[in-house]
Amino acid sequence: MTYVVVENCIKCKYMDCVEVCPVDCFYEGDNMLVIHPDECIDCGVCEPECPAEAIKPDTESGLDKWLKLNAEYAKTWPNITIKREPPADAKEHDGEAGKLDKYFSPEPGEGD
Ligand code: SF4
Ligand code: SF4
């Protein structure tokens with residue numbers, strides 16, 4: 001089992017999650033983060049920290065697509081453990097539908 005970052009992180013990217021993870025398994029893309037499924041120890045402390053409710057346990061149904069996306073991009077995006085300022089328009093995109101199709105970027109973020 002692992003925890004998974006899902007669609008509502010895209011363009012919100014608040015980064016509250018990275019500071020609480022005991023094993024530093026968040027990786028940063030251009031406009032979202034992912035969790036490395038082989039590094040996550042399933043402690044669950046990040047889930048309630050996410051203001052966008054964008055972290056879910058993979059035991060929830062319907063998350064296969066997101067599990068694959070987290071696993072794929074955790075291999076190439078840089079590790080992030082320190083929170084930075086979220087995007088200025090993060091609140092405007094919180095809860096918006098269809099963010100994967102509209103905005104997903106495969107480009108890496110800055111990392112630490
Ligand atoms: S706190 Fe939530 S919205 Fe922010 S980066 Fe982490 S998963 Fe994404
Ligand atoms: S569940 Fe725990 S180990 Fe996994 S990403 Fe969240 S804080 Fe890190």
# chains A, B, ... in the order shown; residues from 1 in each chain; ligands from 1
$ select_by_dssp --residues "range 15-90 of chain A" --states "strand (DSSP E)" --output "list in words"
Phe26, Tyr27, Glu28, Leu33, Val34, Ile35, Ile55, Lys56 and Pro57 of chain A
$ residues_around --residues "Glu92 in chain A" --least-positions-apart "3" --cutoff "12 Å" --atoms "only C-alpha atoms" --output "compact mmCIF listing (two decimals) with N, CA and C atoms, in the first residue's frame"
# COMPACT_ATOMS: atom_id res chain seq x y z
N ASN A 8 -6.38 17.02 -7.68
CA ASN A 8 -6.54 18.39 -7.17
C ASN A 8 -5.24 19.06 -6.75
N ILE A 10 -2.84 19.44 -8.85
CA ILE A 10 -2.38 20.16 -10.05
C ILE A 10 -2.75 21.64 -9.96
N LYS A 11 -1.74 22.46 -10.11
CA LYS A 11 -1.85 23.92 -10.04
C LYS A 11 -2.21 24.45 -8.65
N CYS A 12 -2.34 23.57 -7.64
CA CYS A 12 -2.53 24.05 -6.26
C CYS A 12 -1.19 23.97 -5.54
N ALA A 52 -5.71 20.83 -0.12
CA ALA A 52 -6.52 20.56 -1.32
C ALA A 52 -7.15 19.16 -1.28
N PRO A 87 1.72 28.47 -5.70
CA PRO A 87 1.42 29.36 -6.81
C PRO A 87 0.42 30.44 -6.40
N ALA A 88 0.56 31.64 -6.95
CA ALA A 88 -0.30 32.76 -6.56
C ALA A 88 -1.77 32.48 -6.85
N ASP A 89 -2.04 31.66 -7.87
CA ASP A 89 -3.44 31.39 -8.25
C ASP A 89 -3.92 30.03 -7.75
N GLY A 95 -10.24 22.61 -6.50
CA GLY A 95 -11.55 22.01 -6.74
C GLY A 95 -12.01 22.04 -8.18
N GLU A 96 -11.25 22.66 -9.04
CA GLU A 96 -11.61 22.73 -10.46
C GLU A 96 -11.64 21.33 -11.08
N ALA A 97 -12.58 21.08 -11.97
CA ALA A 97 -12.68 19.77 -12.63
C ALA A 97 -11.76 19.71 -13.85
$ select_by_dssp --residues "chain A" --states "alpha helix (DSSP H)" --output "compact mmCIF listing (two decimals) with N, CA and C atoms, in the first residue's frame"
# COMPACT_ATOMS: atom_id res chain seq x y z
N ASP A 64 -6.15 3.85 -9.80
CA ASP A 64 -5.09 3.18 -10.58
C ASP A 64 -4.31 4.14 -11.45
N LYS A 65 -5.05 5.00 -12.14
CA LYS A 65 -4.42 5.96 -13.04
C LYS A 65 -3.44 6.86 -12.28
N TRP A 66 -3.84 7.25 -11.08
CA TRP A 66 -3.00 8.15 -10.28
C TRP A 66 -1.81 7.43 -9.67
N LEU A 67 -2.02 6.18 -9.32
CA LEU A 67 -0.90 5.39 -8.80
C LEU A 67 0.18 5.24 -9.87
N LYS A 68 -0.26 4.97 -11.09
CA LYS A 68 0.71 4.85 -12.20
C LYS A 68 1.43 6.16 -12.44
N LEU A 69 0.69 7.26 -12.41
CA LEU A 69 1.31 8.57 -12.65
C LEU A 69 2.31 8.90 -11.55
N ASN A 70 1.96 8.64 -10.29
CA ASN A 70 2.89 8.89 -9.18
C ASN A 70 4.16 8.05 -9.36
N ALA A 71 3.99 6.76 -9.66
CA ALA A 71 5.14 5.86 -9.80
C ALA A 71 6.03 6.29 -10.95
N GLU A 72 5.42 6.68 -12.06
CA GLU A 72 6.21 7.05 -13.24
C GLU A 72 7.03 8.32 -13.00
N TYR A 73 6.40 9.36 -12.49
CA TYR A 73 7.10 10.63 -12.39
C TYR A 73 8.01 10.73 -11.15
N ALA A 74 7.75 9.90 -10.15
CA ALA A 74 8.66 9.89 -8.98
C ALA A 74 10.06 9.42 -9.38
N ALA A 90 -3.23 29.48 -6.74
CA ALA A 90 -3.58 28.15 -6.25
C ALA A 90 -5.05 28.05 -5.83
N LYS A 91 -5.54 29.06 -5.11
CA LYS A 91 -6.92 29.00 -4.61
C LYS A 91 -7.93 28.96 -5.75
N GLU A 92 -7.64 29.68 -6.83
CA GLU A 92 -8.58 29.71 -7.98
C GLU A 92 -8.75 28.34 -8.62
N HIS A 93 -7.70 27.51 -8.52
CA HIS A 93 -7.77 26.20 -9.17
C HIS A 93 -8.18 25.09 -8.20
N LYS A 99 -8.55 18.93 -14.30
CA LYS A 99 -7.23 19.55 -14.28
C LYS A 99 -6.17 18.68 -14.96
N LEU A 100 -6.32 17.37 -14.92
CA LEU A 100 -5.32 16.50 -15.56
C LEU A 100 -5.25 16.81 -17.05
N ASP A 101 -6.38 16.86 -17.70
CA ASP A 101 -6.39 17.11 -19.15
C ASP A 101 -6.01 18.55 -19.47
N LYS A 102 -6.42 19.45 -18.64
CA LYS A 102 -6.19 20.87 -18.96
C LYS A 102 -4.76 21.32 -18.68
N TYR A 103 -4.19 20.84 -17.57
CA TYR A 103 -2.96 21.48 -17.10
C TYR A 103 -1.78 20.56 -16.81
$ residues_near_ligand --ligand "ligand 1" --cutoff "9 Å" --atoms "only C-alpha atoms and all ligand atoms" --output "JSON, numbers by chain"
{"A": [4, 5, 6, 7, 8, 9, 10, 11, 12, 13, 14, 15, 16, 17, 18, 26, 28, 31, 32, 33, 34, 35, 46, 47, 48, 49, 50, 51, 52, 53, 54, 55, 83, 86, 90, 94]}
$ closest_atom_pairs --of "chain A" --to "ligand 2" --cutoff "6 Å" --atoms "only C-alpha atoms and all ligand atoms" --output "Markdown table"
| residue | atom | partner | partner_atom_place_in_ligand_line | distance |
| --- | --- | --- | --- | --- |
| A:Tyr3 | CA | ligand 2 | 1 (S) | 5.2 |
| A:Val20 | CA | ligand 2 | 7 (S) | 5.8 |
| A:Cys21 | CA | ligand 2 | 7 (S) | 3.5 |
| A:Pro22 | CA | ligand 2 | 8 (Fe) | 5.9 |
| A:Val23 | CA | ligand 2 | 3 (S) | 5.6 |
| A:Cys25 | CA | ligand 2 | 8 (Fe) | 5.7 |
| A:Ile35 | CA | ligand 2 | 5 (S) | 5.6 |
| A:Cys40 | CA | ligand 2 | 4 (Fe) | 3.8 |
| A:Ile41 | CA | ligand 2 | 3 (S) | 4.3 |
| A:Asp42 | CA | ligand 2 | 1 (S) | 4.1 |
| A:Cys43 | CA | ligand 2 | 2 (Fe) | 4.0 |
| A:Gly44 | CA | ligand 2 | 1 (S) | 3.8 |
| A:Val45 | CA | ligand 2 | 7 (S) | 4.8 |
| A:Cys46 | CA | ligand 2 | 6 (Fe) | 4.3 |
$ closest_residue --among "A:Thr76, A:Thr59, A:Thr2, A:Thr81" --to "Asp24 in chain A" --atoms "only C-alpha atoms"
A:Thr81
$ closest_residue --among "A:His36, A:Ile82, A:Gly62, A:Asp30" --to "Ser105 in chain A" --atoms "only C-alpha atoms"
A:Asp30
$ closest_residue --among "A:Glu85, A:Pro37, A:Glu60, A:Trp77" --to "Glu107 in chain A" --atoms "only C-alpha atoms"
A:Trp77
$ closest_residue --among "A:Tyr27, A:Glu39, A:Pro78, A:Gly98" --to "Met1 in chain A" --atoms "only C-alpha atoms"
A:Glu39
$ decode --residues "range 66-110 of chain A" --atoms "N, CA and C atoms" --output "PDB file, in the first residue's frame"
ATOM      1  N   TRP A  66      -3.837   7.246 -11.081  1.00  0.00           N
ATOM      2  CA  TRP A  66      -2.998   8.154 -10.280  1.00  0.00           C
ATOM      3  C   TRP A  66      -1.812   7.427  -9.674  1.00  0.00           C
ATOM      4  N   LEU A  67      -2.018   6.176  -9.316  1.00  0.00           N
ATOM      5  CA  LEU A  67      -0.905   5.387  -8.797  1.00  0.00           C
ATOM      6  C   LEU A  67       0.176   5.241  -9.872  1.00  0.00           C
ATOM      7  N   LYS A  68      -0.257   4.975 -11.092  1.00  0.00           N
ATOM      8  CA  LYS A  68       0.708   4.853 -12.203  1.00  0.00           C
ATOM      9  C   LYS A  68       1.432   6.165 -12.444  1.00  0.00           C
ATOM     10  N   LEU A  69       0.689   7.260 -12.410  1.00  0.00           N
ATOM     11  CA  LEU A  69       1.309   8.573 -12.651  1.00  0.00           C
ATOM     12  C   LEU A  69       2.312   8.904 -11.549  1.00  0.00           C
ATOM     13  N   ASN A  70       1.958   8.643 -10.289  1.00  0.00           N
ATOM     14  CA  ASN A  70       2.893   8.893  -9.181  1.00  0.00           C
ATOM     15  C   ASN A  70       4.159   8.049  -9.358  1.00  0.00           C
ATOM     16  N   ALA A  71       3.989   6.761  -9.659  1.00  0.00           N
ATOM     17  CA  ALA A  71       5.141   5.864  -9.796  1.00  0.00           C
ATOM     18  C   ALA A  71       6.034   6.292 -10.954  1.00  0.00           C
ATOM     19  N   GLU A  72       5.423   6.684 -12.060  1.00  0.00           N
ATOM     20  CA  GLU A  72       6.211   7.050 -13.244  1.00  0.00           C
ATOM     21  C   GLU A  72       7.027   8.320 -12.999  1.00  0.00           C
ATOM     22  N   TYR A  73       6.397   9.356 -12.490  1.00  0.00           N
ATOM     23  CA  TYR A  73       7.103  10.633 -12.388  1.00  0.00           C
ATOM     24  C   TYR A  73       8.006  10.725 -11.152  1.00  0.00           C
ATOM     25  N   ALA A  74       7.752   9.897 -10.146  1.00  0.00           N
ATOM     26  CA  ALA A  74       8.658   9.886  -8.979  1.00  0.00           C
ATOM     27  C   ALA A  74      10.056   9.417  -9.380  1.00  0.00           C
ATOM     28  N   LYS A  75      10.142   8.721 -10.525  1.00  0.00           N
ATOM     29  CA  LYS A  75      11.452   8.236 -10.978  1.00  0.00           C
ATOM     30  C   LYS A  75      12.308   9.359 -11.547  1.00  0.00           C
ATOM     31  N   THR A  76      11.676  10.382 -12.098  1.00  0.00           N
ATOM     32  CA  THR A  76      12.460  11.401 -12.813  1.00  0.00           C
ATOM     33  C   THR A  76      12.366  12.799 -12.205  1.00  0.00           C
ATOM     34  N   TRP A  77      11.298  13.103 -11.494  1.00  0.00           N
ATOM     35  CA  TRP A  77      11.196  14.448 -10.909  1.00  0.00           C
ATOM     36  C   TRP A  77      12.103  14.540  -9.673  1.00  0.00           C
ATOM     37  N   PRO A  78      12.569  15.760  -9.317  1.00  0.00           N
ATOM     38  CA  PRO A  78      13.464  15.913  -8.165  1.00  0.00           C
ATOM     39  C   PRO A  78      12.734  15.804  -6.821  1.00  0.00           C
ATOM     40  N   ASN A  79      13.456  15.352  -5.830  1.00  0.00           N
ATOM     41  CA  ASN A  79      12.936  15.224  -4.472  1.00  0.00           C
ATOM     42  C   ASN A  79      12.663  16.612  -3.884  1.00  0.00           C
ATOM     43  N   ILE A  80      11.592  16.711  -3.105  1.00  0.00           N
ATOM     44  CA  ILE A  80      11.294  17.983  -2.419  1.00  0.00           C
ATOM     45  C   ILE A  80      10.943  17.708  -0.969  1.00  0.00           C
ATOM     46  N   THR A  81      11.610  18.424  -0.053  1.00  0.00           N
ATOM     47  CA  THR A  81      11.364  18.233   1.379  1.00  0.00           C
ATOM     48  C   THR A  81      11.072  19.550   2.086  1.00  0.00           C
ATOM     49  N   ILE A  82      11.291  20.665   1.381  1.00  0.00           N
ATOM     50  CA  ILE A  82      11.104  21.971   2.002  1.00  0.00           C
ATOM     51  C   ILE A  82       9.995  22.734   1.282  1.00  0.00           C
ATOM     52  N   LYS A  83       9.059  23.230   2.057  1.00  0.00           N
ATOM     53  CA  LYS A  83       7.911  23.942   1.488  1.00  0.00           C
ATOM     54  C   LYS A  83       8.325  25.317   0.952  1.00  0.00           C
ATOM     55  N   ARG A  84       7.841  25.661  -0.233  1.00  0.00           N
ATOM     56  CA  ARG A  84       8.028  27.020  -0.762  1.00  0.00           C
ATOM     57  C   ARG A  84       6.663  27.688  -0.859  1.00  0.00           C
ATOM     58  N   GLU A  85       6.656  28.926  -1.382  1.00  0.00           N
ATOM     59  CA  GLU A  85       5.386  29.630  -1.578  1.00  0.00           C
ATOM     60  C   GLU A  85       4.560  28.877  -2.624  1.00  0.00           C
ATOM     61  N   PRO A  86       3.281  28.634  -2.364  1.00  0.00           N
ATOM     62  CA  PRO A  86       2.456  27.997  -3.394  1.00  0.00           C
ATOM     63  C   PRO A  86       2.204  28.975  -4.554  1.00  0.00           C
ATOM     64  N   PRO A  87       1.718  28.471  -5.697  1.00  0.00           N
ATOM     65  CA  PRO A  87       1.423  29.362  -6.815  1.00  0.00           C
ATOM     66  C   PRO A  87       0.421  30.437  -6.396  1.00  0.00           C
ATOM     67  N   ALA A  88       0.560  31.637  -6.951  1.00  0.00           N
ATOM     68  CA  ALA A  88      -0.305  32.759  -6.560  1.00  0.00           C
ATOM     69  C   ALA A  88      -1.773  32.481  -6.848  1.00  0.00           C
ATOM     70  N   ASP A  89      -2.037  31.661  -7.873  1.00  0.00           N
ATOM     71  CA  ASP A  89      -3.436  31.395  -8.250  1.00  0.00           C
ATOM     72  C   ASP A  89      -3.917  30.030  -7.748  1.00  0.00           C
ATOM     73  N   ALA A  90      -3.229  29.484  -6.744  1.00  0.00           N
ATOM     74  CA  ALA A  90      -3.584  28.145  -6.252  1.00  0.00           C
ATOM     75  C   ALA A  90      -5.046  28.048  -5.828  1.00  0.00           C
ATOM     76  N   LYS A  91      -5.535  29.057  -5.110  1.00  0.00           N
ATOM     77  CA  LYS A  91      -6.923  29.003  -4.612  1.00  0.00           C
ATOM     78  C   LYS A  91      -7.935  28.961  -5.750  1.00  0.00           C
ATOM     79  N   GLU A  92      -7.644  29.683  -6.833  1.00  0.00           N
ATOM     80  CA  GLU A  92      -8.580  29.712  -7.980  1.00  0.00           C
ATOM     81  C   GLU A  92      -8.747  28.342  -8.616  1.00  0.00           C
ATOM     82  N   HIS A  93      -7.705  27.514  -8.521  1.00  0.00           N
ATOM     83  CA  HIS A  93      -7.767  26.198  -9.165  1.00  0.00           C
ATOM     84  C   HIS A  93      -8.185  25.090  -8.205  1.00  0.00           C
ATOM     85  N   ASP A  94      -8.339  25.417  -6.923  1.00  0.00           N
ATOM     86  CA  ASP A  94      -8.698  24.397  -5.941  1.00  0.00           C
ATOM     87  C   ASP A  94     -10.110  23.887  -6.224  1.00  0.00           C
ATOM     88  N   GLY A  95     -10.242  22.609  -6.497  1.00  0.00           N
ATOM     89  CA  GLY A  95     -11.552  22.008  -6.737  1.00  0.00           C
ATOM     90  C   GLY A  95     -12.012  22.043  -8.176  1.00  0.00           C
ATOM     91  N   GLU A  96     -11.250  22.663  -9.039  1.00  0.00           N
ATOM     92  CA  GLU A  96     -11.611  22.734 -10.459  1.00  0.00           C
ATOM     93  C   GLU A  96     -11.640  21.334 -11.085  1.00  0.00           C
ATOM     94  N   ALA A  97     -12.579  21.084 -11.969  1.00  0.00           N
ATOM     95  CA  ALA A  97     -12.677  19.769 -12.627  1.00  0.00           C
ATOM     96  C   ALA A  97     -11.755  19.709 -13.847  1.00  0.00           C
ATOM     97  N   GLY A  98     -11.319  18.492 -14.166  1.00  0.00           N
ATOM     98  CA  GLY A  98     -10.591  18.270 -15.421  1.00  0.00           C
ATOM     99  C   GLY A  98      -9.182  18.808 -15.455  1.00  0.00           C
ATOM    100  N   LYS A  99      -8.551  18.935 -14.296  1.00  0.00           N
ATOM    101  CA  LYS A  99      -7.228  19.549 -14.278  1.00  0.00           C
ATOM    102  C   LYS A  99      -6.165  18.681 -14.963  1.00  0.00           C
ATOM    103  N   LEU A 100      -6.320  17.367 -14.917  1.00  0.00           N
ATOM    104  CA  LEU A 100      -5.322  16.501 -15.556  1.00  0.00           C
ATOM    105  C   LEU A 100      -5.245  16.813 -17.049  1.00  0.00           C
ATOM    106  N   ASP A 101      -6.377  16.856 -17.704  1.00  0.00           N
ATOM    107  CA  ASP A 101      -6.390  17.113 -19.150  1.00  0.00           C
ATOM    108  C   ASP A 101      -6.010  18.546 -19.473  1.00  0.00           C
ATOM    109  N   LYS A 102      -6.419  19.454 -18.641  1.00  0.00           N
ATOM    110  CA  LYS A 102      -6.188  20.870 -18.962  1.00  0.00           C
ATOM    111  C   LYS A 102      -4.764  21.322 -18.678  1.00  0.00           C
ATOM    112  N   TYR A 103      -4.194  20.840 -17.569  1.00  0.00           N
ATOM    113  CA  TYR A 103      -2.958  21.476 -17.102  1.00  0.00           C
ATOM    114  C   TYR A 103      -1.777  20.562 -16.814  1.00  0.00           C
ATOM    115  N   PHE A 104      -1.964  19.234 -16.802  1.00  0.00           N
ATOM    116  CA  PHE A 104      -0.855  18.387 -16.353  1.00  0.00           C
ATOM    117  C   PHE A 104       0.416  18.672 -17.160  1.00  0.00           C
ATOM    118  N   SER A 105       1.527  18.824 -16.464  1.00  0.00           N
ATOM    119  CA  SER A 105       2.814  19.045 -17.117  1.00  0.00           C
ATOM    120  C   SER A 105       3.784  17.947 -16.717  1.00  0.00           C
ATOM    121  N   PRO A 106       4.416  17.277 -17.691  1.00  0.00           N
ATOM    122  CA  PRO A 106       5.404  16.255 -17.357  1.00  0.00           C
ATOM    123  C   PRO A 106       6.767  16.838 -16.996  1.00  0.00           C
ATOM    124  N   GLU A 107       6.893  18.149 -17.083  1.00  0.00           N
ATOM    125  CA  GLU A 107       8.187  18.773 -16.798  1.00  0.00           C
ATOM    126  C   GLU A 107       8.519  18.698 -15.309  1.00  0.00           C
ATOM    127  N   PRO A 108       9.794  18.554 -14.961  1.00  0.00           N
ATOM    128  CA  PRO A 108      10.164  18.516 -13.542  1.00  0.00           C
ATOM    129  C   PRO A 108      10.052  19.872 -12.878  1.00  0.00           C
ATOM    130  N   GLY A 109       9.885  19.864 -11.549  1.00  0.00           N
ATOM    131  CA  GLY A 109       9.917  21.102 -10.776  1.00  0.00           C
ATOM    132  C   GLY A 109      11.350  21.406 -10.341  1.00  0.00           C
ATOM    133  N   GLU A 110      11.473  22.336  -9.395  1.00  0.00           N
ATOM    134  CA  GLU A 110      12.810  22.770  -8.940  1.00  0.00           C
ATOM    135  C   GLU A 110      13.446  21.795  -7.968  1.00  0.00           C
TER     136      GLU A 110
END
